[in-house]
>>> print(open('structure07.pdb').read())   # PDB, C-alpha atoms
ATOM      1  CA  MET Z 469      91.394  97.031  76.472
ATOM      2  CA  ASN Z 470      94.833  96.980  78.077
ATOM      3  CA  LYS Z 471      94.937  99.061  81.264
ATOM      4  CA  ILE Z 472      97.521 101.859  81.258
ATOM      5  CA  LEU Z 473      98.316 103.628  84.518
ATOM      6  CA  ILE Z 474      98.987 107.389  84.305
ATOM      7  CA  SER Z 475     100.635 109.422  87.067
ATOM      8  CA  GLN Z 476      99.464 112.923  87.938
ATOM      9  CA  ALA Z 477     100.972 116.274  88.858
ATOM     10  CA  ILE Z 478     100.269 118.056  92.152
ATOM     11  CA  HIS Z 479      98.739 121.535  92.200
ATOM     12  CA  PHE Z 480      98.574 123.709  95.320
ATOM     13  CA  ASP Z 481      95.792 126.300  95.482
ATOM     14  CA  LYS Z 482      97.288 129.072  97.629
ATOM     15  CA  LYS Z 483      93.949 130.813  98.165
ATOM     16  CA  ARG Z 484      92.208 127.700  99.442
ATOM     17  CA  LYS Z 485      95.363 126.099 100.840
ATOM     18  CA  THR Z 486      94.378 122.873  99.154
ATOM     19  CA  TYR Z 487      96.376 120.279  97.212
ATOM     20  CA  TYR Z 488      94.937 118.721  94.066
ATOM     21  CA  ASP Z 489      95.979 115.911  91.755
ATOM     22  CA  GLN Z 490      96.183 117.364  88.260
ATOM     23  CA  LEU Z 491      96.278 115.833  84.778
ATOM     24  CA  ASP Z 492      95.683 117.164  81.286
ATOM     25  CA  ILE Z 493      92.581 115.325  80.067
ATOM     26  CA  ARG Z 494      94.086 115.303  76.576
ATOM     27  CA  LEU Z 495      96.488 112.636  77.814
ATOM     28  CA  ILE Z 496      93.562 110.458  78.892
ATOM     29  CA  LYS Z 497      91.905 111.082  75.532
ATOM     30  CA  THR Z 498      95.071 110.174  73.617
ATOM     31  CA  PHE Z 499      95.462 106.762  75.224
ATOM     32  CA  TYR Z 500      91.756 105.988  75.044
ATOM     33  CA  LYS Z 501      91.691 106.734  71.317
ATOM     34  CA  LEU Z 502      94.684 104.434  70.841
ATOM     35  CA  GLY Z 503      92.678 101.566  72.287
ATOM     36  CA  PHE Z 504      93.918 101.569  75.890
ATOM     37  CA  GLN Z 505      92.005 101.928  79.146
ATOM     38  CA  PRO Z 506      93.634 104.832  81.042
ATOM     39  CA  ILE Z 507      93.672 104.639  84.849
ATOM     40  CA  THR Z 508      94.972 107.537  86.936
ATOM     41  CA  ILE Z 509      96.739 107.158  90.266
ATOM     42  CA  SER Z 510      96.524 109.766  92.999
ATOM     43  CA  ASN Z 511      99.615 111.161  94.689
ATOM     44  CA  PHE Z 512      97.835 110.268  97.922
ATOM     45  CA  PHE Z 513      99.161 106.719  97.701
ATOM     46  CA  LEU Z 514     102.403 106.685  99.659
ATOM     47  CA  ASN Z 515     103.013 103.108  98.564
ATOM     48  CA  PRO Z 516     101.651 102.850  94.988
ATOM     49  CA  SER Z 517     102.531  99.166  94.646
ATOM     50  CA  LYS Z 518      99.813  98.170  97.128
ATOM     51  CA  PHE Z 519      97.250  99.985  94.987
ATOM     52  CA  LEU Z 520      98.511  98.435  91.746
ATOM     53  CA  ASN Z 521      98.807  94.759  92.631
ATOM     54  CA  ASN Z 522      95.218  93.868  91.739
ATOM     55  CA  LEU Z 523      94.792  96.120  88.713
ATOM     56  CA  ASN Z 524      96.619  93.996  86.120
ATOM     57  CA  ILE Z 525      98.029  97.027  84.335
ATOM     58  CA  LYS Z 526      99.931  96.596  81.073
ATOM     59  CA  GLY Z 527     101.812  99.882  81.105
ATOM     60  CA  ILE Z 528     102.840 102.900  83.168
ATOM     61  CA  VAL Z 529     102.919 106.505  81.927
ATOM     62  CA  LEU Z 530     104.852 109.090  83.911
ATOM     63  CA  SER Z 531     103.137 112.324  82.880
ATOM     64  CA  GLY Z 532     104.618 115.796  82.536
ATOM     65  CA  GLY Z 533     103.958 118.907  84.587
ATOM     66  CA  SER Z 534     106.175 120.802  87.080
ATOM     67  CA  ASP Z 535     109.911 120.369  87.573
ATOM     68  CA  ILE Z 536     111.514 117.644  89.662
ATOM     69  CA  GLY Z 537     111.957 118.943  93.191
ATOM     70  CA  LYS Z 538     108.713 120.935  93.307
ATOM     71  CA  SER Z 539     106.961 118.114  95.146
ATOM     72  CA  THR Z 540     108.838 115.479  97.110
ATOM     73  CA  LEU Z 541     105.634 113.437  97.316
ATOM     74  CA  ARG Z 542     105.248 113.253  93.579
ATOM     75  CA  ASP Z 543     108.961 112.669  92.999
ATOM     76  CA  ASN Z 544     108.958 109.712  95.399
ATOM     77  CA  ASN Z 545     105.771 108.255  93.941
ATOM     78  CA  ASP Z 546     107.138 108.404  90.401
ATOM     79  CA  LEU Z 547     110.345 106.696  91.497
ATOM     80  CA  GLU Z 548     108.244 104.023  93.223
ATOM     81  CA  LEU Z 549     106.248 103.494  90.022
ATOM     82  CA  ILE Z 550     109.469 102.974  88.077
ATOM     83  CA  SER Z 551     110.658 100.383  90.612
ATOM     84  CA  TYR Z 552     107.305  98.613  90.423
ATOM     85  CA  GLY Z 553     107.309  98.587  86.617
ATOM     86  CA  ILE Z 554     110.813  97.146  86.448
ATOM     87  CA  LYS Z 555     110.023  94.475  89.032
ATOM     88  CA  LYS Z 556     106.814  93.424  87.250
ATOM     89  CA  LYS Z 557     108.316  93.815  83.737
ATOM     90  CA  ILE Z 558     105.694  96.426  82.803
ATOM     91  CA  PRO Z 559     106.540  98.950  80.026
ATOM     92  CA  ILE Z 560     107.265 102.447  81.402
ATOM     93  CA  PHE Z 561     106.757 105.522  79.242
ATOM     94  CA  GLY Z 562     108.003 108.929  80.456
ATOM     95  CA  ILE Z 563     106.724 112.176  78.944
ATOM     96  CA  CYS Z 564     108.824 115.337  79.491
ATOM     97  CA  ARG Z 565     109.171 115.437  83.295
ATOM     98  CA  GLY Z 566     108.523 111.702  83.273
ATOM     99  CA  MET Z 567     111.549 111.192  81.040
ATOM    100  CA  GLN Z 568     113.638 113.311  83.404
ATOM    101  CA  VAL Z 569     112.527 111.227  86.403
ATOM    102  CA  ILE Z 570     113.573 108.046  84.607
ATOM    103  CA  ASN Z 571     117.025 109.501  83.978
ATOM    104  CA  LYS Z 572     117.263 110.489  87.647
ATOM    105  CA  TYR Z 573     116.190 106.998  88.753
ATOM    106  CA  PHE Z 574     119.154 105.544  86.869
ATOM    107  CA  ASN Z 575     121.552 108.148  88.351
ATOM    108  CA  GLY Z 576     121.512 110.540  85.418
ATOM    109  CA  ARG Z 577     121.395 114.331  85.843
ATOM    110  CA  LEU Z 578     119.656 117.375  84.366
ATOM    111  CA  LYS Z 579     120.774 120.812  83.250
ATOM    112  CA  LYS Z 580     118.924 124.137  83.107
ATOM    113  CA  ILE Z 581     118.124 125.090  79.517
ATOM    114  CA  LYS Z 582     116.715 128.120  77.702
ATOM    115  CA  ASN Z 583     114.341 128.385  74.734
ATOM    116  CA  HIS Z 584     112.608 125.067  75.356
ATOM    117  CA  VAL Z 585     109.279 126.385  76.679
ATOM    118  CA  ARG Z 586     106.404 126.830  74.208
ATOM    119  CA  LYS Z 587     108.736 126.230  71.310
ATOM    120  CA  LYS Z 588     108.995 123.905  68.335
ATOM    121  CA  HIS Z 589     112.272 122.047  67.832
ATOM    122  CA  LEU Z 590     113.655 119.967  65.016
ATOM    123  CA  ILE Z 591     114.867 116.624  66.330
ATOM    124  CA  GLU Z 592     116.798 113.919  64.536
ATOM    125  CA  ASN Z 593     118.201 110.452  65.064
ATOM    126  CA  PHE Z 594     121.955 109.875  64.866
ATOM    127  CA  SER Z 595     121.906 108.670  61.275
ATOM    128  CA  LYS Z 596     120.015 111.913  60.446
ATOM    129  CA  LYS Z 597     117.648 109.867  58.303
ATOM    130  CA  LYS Z 598     114.623 110.701  60.440
ATOM    131  CA  LYS Z 599     113.846 114.317  61.337
ATOM    132  CA  PHE Z 600     110.681 116.066  62.494
ATOM    133  CA  PHE Z 601     109.487 118.954  64.631
ATOM    134  CA  VAL Z 602     108.173 118.443  68.163
ATOM    135  CA  ASN Z 603     106.680 120.737  70.789
ATOM    136  CA  SER Z 604     108.733 121.711  73.834
ATOM    137  CA  TYR Z 605     107.644 122.735  77.361
ATOM    138  CA  HIS Z 606     110.566 122.088  79.706
ATOM    139  CA  ASN Z 607     112.970 124.176  81.796
ATOM    140  CA  TYR Z 608     115.483 121.360  82.195
ATOM    141  CA  ALA Z 609     117.092 119.103  79.642
ATOM    142  CA  ILE Z 610     119.358 116.075  79.505
ATOM    143  CA  ASP Z 611     122.818 116.756  78.177
ATOM    144  CA  PRO Z 612     124.450 113.736  76.457
ATOM    145  CA  GLN Z 613     127.150 113.799  79.157
ATOM    146  CA  LYS Z 614     124.505 113.671  81.909
ATOM    147  CA  LEU Z 615     122.472 110.807  80.475
ATOM    148  CA  SER Z 616     122.459 107.653  82.593
ATOM    149  CA  LYS Z 617     124.653 104.853  81.258
ATOM    150  CA  SER Z 618     121.602 102.590  81.519
ATOM    151  CA  LEU Z 619     119.858 104.614  78.804
ATOM    152  CA  LYS Z 620     120.521 104.909  75.079
ATOM    153  CA  PRO Z 621     119.720 108.181  73.247
ATOM    154  CA  ILE Z 622     117.591 107.779  70.118
ATOM    155  CA  PHE Z 623     116.671 111.385  69.252
ATOM    156  CA  ILE Z 624     118.475 114.669  69.902
ATOM    157  CA  CYS Z 625     117.562 118.330  69.423
ATOM    158  CA  LYS Z 626     119.306 119.392  66.212
ATOM    159  CA  LYS Z 627     120.090 122.865  67.561
ATOM    160  CA  ASP Z 628     121.642 122.186  70.987
ATOM    161  CA  LYS Z 629     122.138 118.369  70.936
ATOM    162  CA  SER Z 630     120.121 117.820  74.145
ATOM    163  CA  ILE Z 631     118.525 114.371  74.406
ATOM    164  CA  GLU Z 632     114.923 114.330  73.161
ATOM    165  CA  ALA Z 633     114.219 110.597  73.480
ATOM    166  CA  PHE Z 634     115.876 107.514  74.933
ATOM    167  CA  LEU Z 635     115.387 103.807  75.510
ATOM    168  CA  HIS Z 636     116.620 101.683  78.377
ATOM    169  CA  ASN Z 637     119.454  99.385  77.318
ATOM    170  CA  LYS Z 638     117.565  96.296  78.425
ATOM    171  CA  ASP Z 639     114.089  96.931  79.855
ATOM    172  CA  PHE Z 640     110.975  98.259  78.099
ATOM    173  CA  ILE Z 641     111.467 101.863  79.242
ATOM    174  CA  LEU Z 642     111.021 104.769  76.835
ATOM    175  CA  GLY Z 643     111.305 108.515  77.456
ATOM    176  CA  ILE Z 644     110.401 111.449  75.206
ATOM    177  CA  MET Z 645     110.690 115.172  75.944
ATOM    178  CA  TRP Z 646     107.737 116.300  73.827
ATOM    179  CA  HIS Z 647     103.984 116.045  74.542
ATOM    180  CA  PRO Z 648     102.060 113.987  71.945
ATOM    181  CA  GLU Z 649      98.772 114.856  73.663
ATOM    182  CA  ARG Z 650      99.239 118.613  73.129
ATOM    183  CA  GLU Z 651      99.130 118.382  69.341
ATOM    184  CA  LYS Z 652      95.805 119.210  67.676
ATOM    185  CA  VAL Z 653      96.091 115.963  65.759
ATOM    186  CA  LEU Z 654      98.145 113.052  67.119
ATOM    187  CA  LYS Z 655     101.121 112.556  64.839
ATOM    188  CA  LYS Z 656     101.465 109.244  63.023
ATOM    189  CA  PHE Z 657     104.940 108.709  64.464
ATOM    190  CA  ASP Z 658     103.712 109.189  68.052
ATOM    191  CA  LYS Z 659     100.671 107.027  67.453
ATOM    192  CA  LYS Z 660     102.697 104.116  66.083
ATOM    193  CA  THR Z 661     105.463 104.503  68.678
ATOM    194  CA  ILE Z 662     103.049 104.384  71.632
ATOM    195  CA  LYS Z 663     101.116 101.397  70.306
ATOM    196  CA  ASP Z 664     104.239  99.439  69.345
ATOM    197  CA  PHE Z 665     105.843 100.180  72.709
ATOM    198  CA  PHE Z 666     102.976  99.179  74.999
ATOM    199  CA  LEU Z 667     102.078  96.153  72.924
ATOM    200  CA  LYS Z 668     105.750  95.130  73.095
ATOM    201  CA  SER Z 669     106.212  94.859  69.362
ATOM    202  CA  LYS Z 670     108.945  92.282  68.717
ATOM    203  CA  ASN Z 671     110.917  94.597  66.454
ATOM    204  CA  PHE Z 672     110.374  97.759  68.504
ATOM    205  CA  ARG Z 673     113.951  98.029  69.744
ATOM    206  CA  ASP Z 674     115.415  97.404  66.286
ATOM    207  CA  LYS Z 675     113.186 100.079  64.758
ATOM    208  CA  TYR Z 676     113.672 102.757  67.396
ATOM    209  CA  THR Z 677     117.256 102.256  68.556
ATOM    210  CA  PHE Z 678     119.374 104.221  66.130
ATOM    211  CA  LYS Z 679     123.142 103.918  66.055
ATOM    212  CA  LYS Z 680     125.408 106.899  66.646
TER     213      LYS Z 680
END
>>> encode(input="structure07.pdb", output="structure tokens")
Amino acid sequence: MNKILISQAIHFDKKRKTYYDQLDIRLIKTFYKLGFQPITISNFFLNPSKFLNNLNIKGIVLSGGSDIGKSTLRDNNDLELISYGIKKKIPIFGICRGMQVINKYFNGRLKKIKNHVRKKHLIENFSKKKKFFVNSYHNYAIDPQKLSKSLKPIFICKKDKSIEAFLHNKDFILGIMWHPEREKVLKKFDKKTIKDFFLKSKNFRDKYTFKK
């Protein structure tokens, strides 16, 4: 099994005044069922690269949960994981907040958006030949004008044209705004996309990079 590293959110229990790492176990389940060995990393590690060097991971997942800016510790750790993945040529997959962090890493920006929490949205590629509904749980979105120049949009929200998925222009870096793990049944598109991406399918970029 290929080892896939998954980042975690940070939860603060006000009553107990205690910080916890937090991760939806459905994300672990999703990657395990796809044939990967999920490994979580705690936000405790101030220098994640030292923890990762001996693990021989084949992929990095930046999970969702909480907006950027809520936890400087988590923000910095996620940015460090991106740097590590690029340096080691390890595929990086951002989900929701994870996609936003990737855009920020490459000097992109976000915008506040309404009607994207607990909603279903129709998304489409630029040729409009591929359309499907996805779940949505985010307060911030990526406007086409705020997308980093290092990233290429591949899916947009049909209604407001916000970016729903992108690929890095050169490296194996993919971001999606929806949560595959929150579906009752993993969609075939998500299943194939994740497997093709982390196994570095030779034709992945040709299949998933759609022209405007």
>>> resolve_selection(input="structure07.pdb", expression="the PyMOL selection byres ((chain Z and resi 573) around 10)", output="PyMOL selection string")
chain Z and resi 546-548+550-551+567-572+574-577+616
>>> atom_distance(input="structure07.pdb", atom1="atom CA of Met469 of chain Z", atom2="atom CA of Ile525 of chain Z")
10.3 Å
>>> residues_around(input="structure07.pdb", residues="segment 657-662 of chain Z", least_positions_apart="4", cutoff="9 Å", atoms="all atoms listed in the file", output="list in words")
Thr498, Phe499, Leu502, Phe561, Pro648, Phe666, Leu667, Phe672 and Tyr676 of chain Z
>>> residues_around(input="structure07.pdb", residues="Ser630 of chain Z", least_positions_apart="2", cutoff="9 Å", atoms="all atoms listed in the file", output="PDB file with C-alpha atoms, in the coordinates of the input")
ATOM      1  CA  ALA Z 609     117.092 119.103  79.642  1.00  0.00           C
ATOM      2  CA  ILE Z 610     119.358 116.075  79.505  1.00  0.00           C
ATOM      3  CA  ASP Z 611     122.818 116.756  78.177  1.00  0.00           C
ATOM      4  CA  PRO Z 612     124.450 113.736  76.457  1.00  0.00           C
ATOM      5  CA  PHE Z 623     116.671 111.385  69.252  1.00  0.00           C
ATOM      6  CA  ILE Z 624     118.475 114.669  69.902  1.00  0.00           C
ATOM      7  CA  CYS Z 625     117.562 118.330  69.423  1.00  0.00           C
ATOM      8  CA  LYS Z 626     119.306 119.392  66.212  1.00  0.00           C
ATOM      9  CA  LYS Z 627     120.090 122.865  67.561  1.00  0.00           C
ATOM     10  CA  ASP Z 628     121.642 122.186  70.987  1.00  0.00           C
ATOM     11  CA  GLU Z 632     114.923 114.330  73.161  1.00  0.00           C
TER      12      GLU Z 632
END
>>> atom_distance(input="structure07.pdb", atom1="atom CA of Trp646 of chain Z", atom2="atom CA of Ser531 of chain Z")
10.9 Å
>>> closest_atom_pairs(input="structure07.pdb", of="segment 599-670 of chain Z", to="segment 491-495 of chain Z", cutoff="10 Å", atoms="all atoms listed in the file", output="JSON lines")
{"residue": "Z:His647", "atom": "CA", "partner": "Z:Leu495", "partner_atom": "CA", "distance": 8.9}
{"residue": "Z:Pro648", "atom": "CA", "partner": "Z:Leu495", "partner_atom": "CA", "distance": 8.2}
{"residue": "Z:Glu649", "atom": "CA", "partner": "Z:Leu495", "partner_atom": "CA", "distance": 5.2}
{"residue": "Z:Arg650", "atom": "CA", "partner": "Z:Arg494", "partner_atom": "CA", "distance": 7.0}
{"residue": "Z:Glu651", "atom": "CA", "partner": "Z:Arg494", "partner_atom": "CA", "distance": 9.3}
{"residue": "Z:Lys652", "atom": "CA", "partner": "Z:Arg494", "partner_atom": "CA", "distance": 9.9}
>>> resolve_selection(input="structure07.pdb", expression="the PyMOL selection byres ((chain Z and resi 602) around 9)", output="PyMOL selection string")
chain Z and resi 587-591+600-601+603-604+645-648
>>> atom_distance(input="structure07.pdb", atom1="atom CA of Leu520 of chain Z", atom2="atom CA of Ile558 of chain Z")
11.6 Å
>>> resolve_selection(input="structure07.pdb", expression="the PyMOL selection byres ((chain Z and resi 516) around 12)", output="JSON, numbers by chain")
{"Z": [473, 474, 475, 508, 509, 510, 511, 512, 513, 514, 515, 517, 518, 519, 520, 521, 522, 523, 528, 541, 542, 544, 545, 546, 547, 548, 549, 550, 551, 552, 553]}
>>> closest_residue(input="structure07.pdb", among="Z:Lys582, Z:Lys597, Z:Lys663, Z:Arg565", to="Gly537 of chain Z", atoms="all atoms listed in the file")
Z:Arg565
>>> closest_residue(input="structure07.pdb", among="Z:Leu654, Z:Ile536, Z:Val529, Z:Leu619", to="Asp639 of chain Z", atoms="only C-alpha atoms")
Z:Leu619
>>> residues_around(input="structure07.pdb", residues="Asn470 of chain Z", least_positions_apart="3", cutoff="9 Å", atoms="all atoms listed in the file", output="list in words")
Gly503, Phe504, Gln505, Pro506, Asn524, Ile525, Lys526, Gly527, Phe666 and Leu667 of chain Z
>>> closest_residue(input="structure07.pdb", among="Z:Tyr605, Z:Phe634, Z:Tyr487, Z:Phe594", to="Lys620 of chain Z", atoms="all atoms listed in the file")
Z:Phe634
>>> residues_near_point(input="structure07.pdb", point="(115.8, 126.8, 80.1)", cutoff="9 Å", atoms="all atoms listed in the file", output="list in words")
Lys579, Lys580, Ile581, Lys582, Asn583, His584, Val585, His606, Asn607, Tyr608 and Ala609 of chain Z
>>> build_atoms(input="structure07.pdb", residues="segment 577-604 of chain Z", atoms="N, CA and C atoms", output="short mmCIF file (atom, residue, chain, number, x, y, z; two decimals), keeping the file's coordinate frame")
data_model
loop_
_atom_site.label_atom_id
_atom_site.label_comp_id
_atom_site.auth_asym_id
_atom_site.auth_seq_id
_atom_site.Cartn_x
_atom_site.Cartn_y
_atom_site.Cartn_z
N ARG Z 577 121.59 112.97 85.33
CA ARG Z 577 121.40 114.33 85.84
C ARG Z 577 120.75 115.24 84.79
N LEU Z 578 120.31 116.41 85.24
CA LEU Z 578 119.66 117.38 84.37
C LEU Z 578 120.48 118.66 84.30
N LYS Z 579 120.16 119.49 83.32
CA LYS Z 579 120.77 120.81 83.25
C LYS Z 579 119.69 121.83 82.90
N LYS Z 580 119.84 123.05 83.43
CA LYS Z 580 118.92 124.14 83.11
C LYS Z 580 119.12 124.52 81.64
N ILE Z 581 118.01 124.77 80.94
CA ILE Z 581 118.12 125.09 79.52
C ILE Z 581 117.17 126.23 79.15
N LYS Z 582 117.54 127.01 78.17
CA LYS Z 582 116.72 128.12 77.70
C LYS Z 582 116.08 127.78 76.36
N ASN Z 583 115.02 128.51 76.03
CA ASN Z 583 114.34 128.38 74.73
C ASN Z 583 113.76 127.00 74.47
N HIS Z 584 113.27 126.36 75.52
CA HIS Z 584 112.61 125.07 75.36
C HIS Z 584 111.18 125.08 75.92
N VAL Z 585 110.65 126.27 76.17
CA VAL Z 585 109.28 126.38 76.68
C VAL Z 585 108.40 127.06 75.62
N ARG Z 586 107.33 126.36 75.26
CA ARG Z 586 106.40 126.83 74.21
C ARG Z 586 107.15 127.09 72.90
N LYS Z 587 107.96 126.14 72.54
CA LYS Z 587 108.74 126.23 71.31
C LYS Z 587 108.53 124.97 70.47
N LYS Z 588 108.93 125.06 69.22
CA LYS Z 588 109.00 123.90 68.33
C LYS Z 588 110.46 123.65 68.02
N HIS Z 589 110.88 122.39 68.10
CA HIS Z 589 112.27 122.05 67.83
C HIS Z 589 112.35 120.94 66.80
N LEU Z 590 113.37 121.04 65.97
CA LEU Z 590 113.66 119.97 65.02
C LEU Z 590 114.52 118.93 65.72
N ILE Z 591 114.07 117.69 65.73
CA ILE Z 591 114.87 116.62 66.33
C ILE Z 591 115.25 115.62 65.25
N GLU Z 592 116.32 114.87 65.52
CA GLU Z 592 116.80 113.92 64.54
C GLU Z 592 117.44 112.73 65.23
N ASN Z 593 117.46 111.60 64.53
CA ASN Z 593 118.20 110.45 65.06
C ASN Z 593 119.66 110.59 64.64
N PHE Z 594 120.52 109.71 65.09
CA PHE Z 594 121.96 109.88 64.87
C PHE Z 594 122.38 109.63 63.43
N SER Z 595 121.59 108.87 62.69
CA SER Z 595 121.91 108.67 61.28
C SER Z 595 121.40 109.84 60.43
N LYS Z 596 120.61 110.73 61.09
CA LYS Z 596 120.02 111.91 60.45
C LYS Z 596 119.07 111.54 59.31
N LYS Z 597 118.59 110.31 59.33
CA LYS Z 597 117.65 109.87 58.30
C LYS Z 597 116.20 110.16 58.70
N LYS Z 598 115.98 110.41 59.99
CA LYS Z 598 114.62 110.70 60.44
C LYS Z 598 114.65 112.01 61.22
N LYS Z 599 113.91 113.01 60.70
CA LYS Z 599 113.85 114.32 61.34
C LYS Z 599 112.39 114.78 61.36
N PHE Z 600 112.01 115.45 62.44
CA PHE Z 600 110.68 116.07 62.49
C PHE Z 600 110.64 117.07 63.64
N PHE Z 601 109.65 117.94 63.60
CA PHE Z 601 109.49 118.95 64.63
C PHE Z 601 108.61 118.43 65.76
N VAL Z 602 108.97 118.81 66.99
CA VAL Z 602 108.17 118.44 68.16
C VAL Z 602 107.94 119.68 69.02
N ASN Z 603 106.91 119.64 69.86
CA ASN Z 603 106.68 120.74 70.79
C ASN Z 603 107.65 120.63 71.97
N SER Z 604 107.76 121.69 72.74
CA SER Z 604 108.73 121.71 73.83
C SER Z 604 108.21 122.59 74.97
#
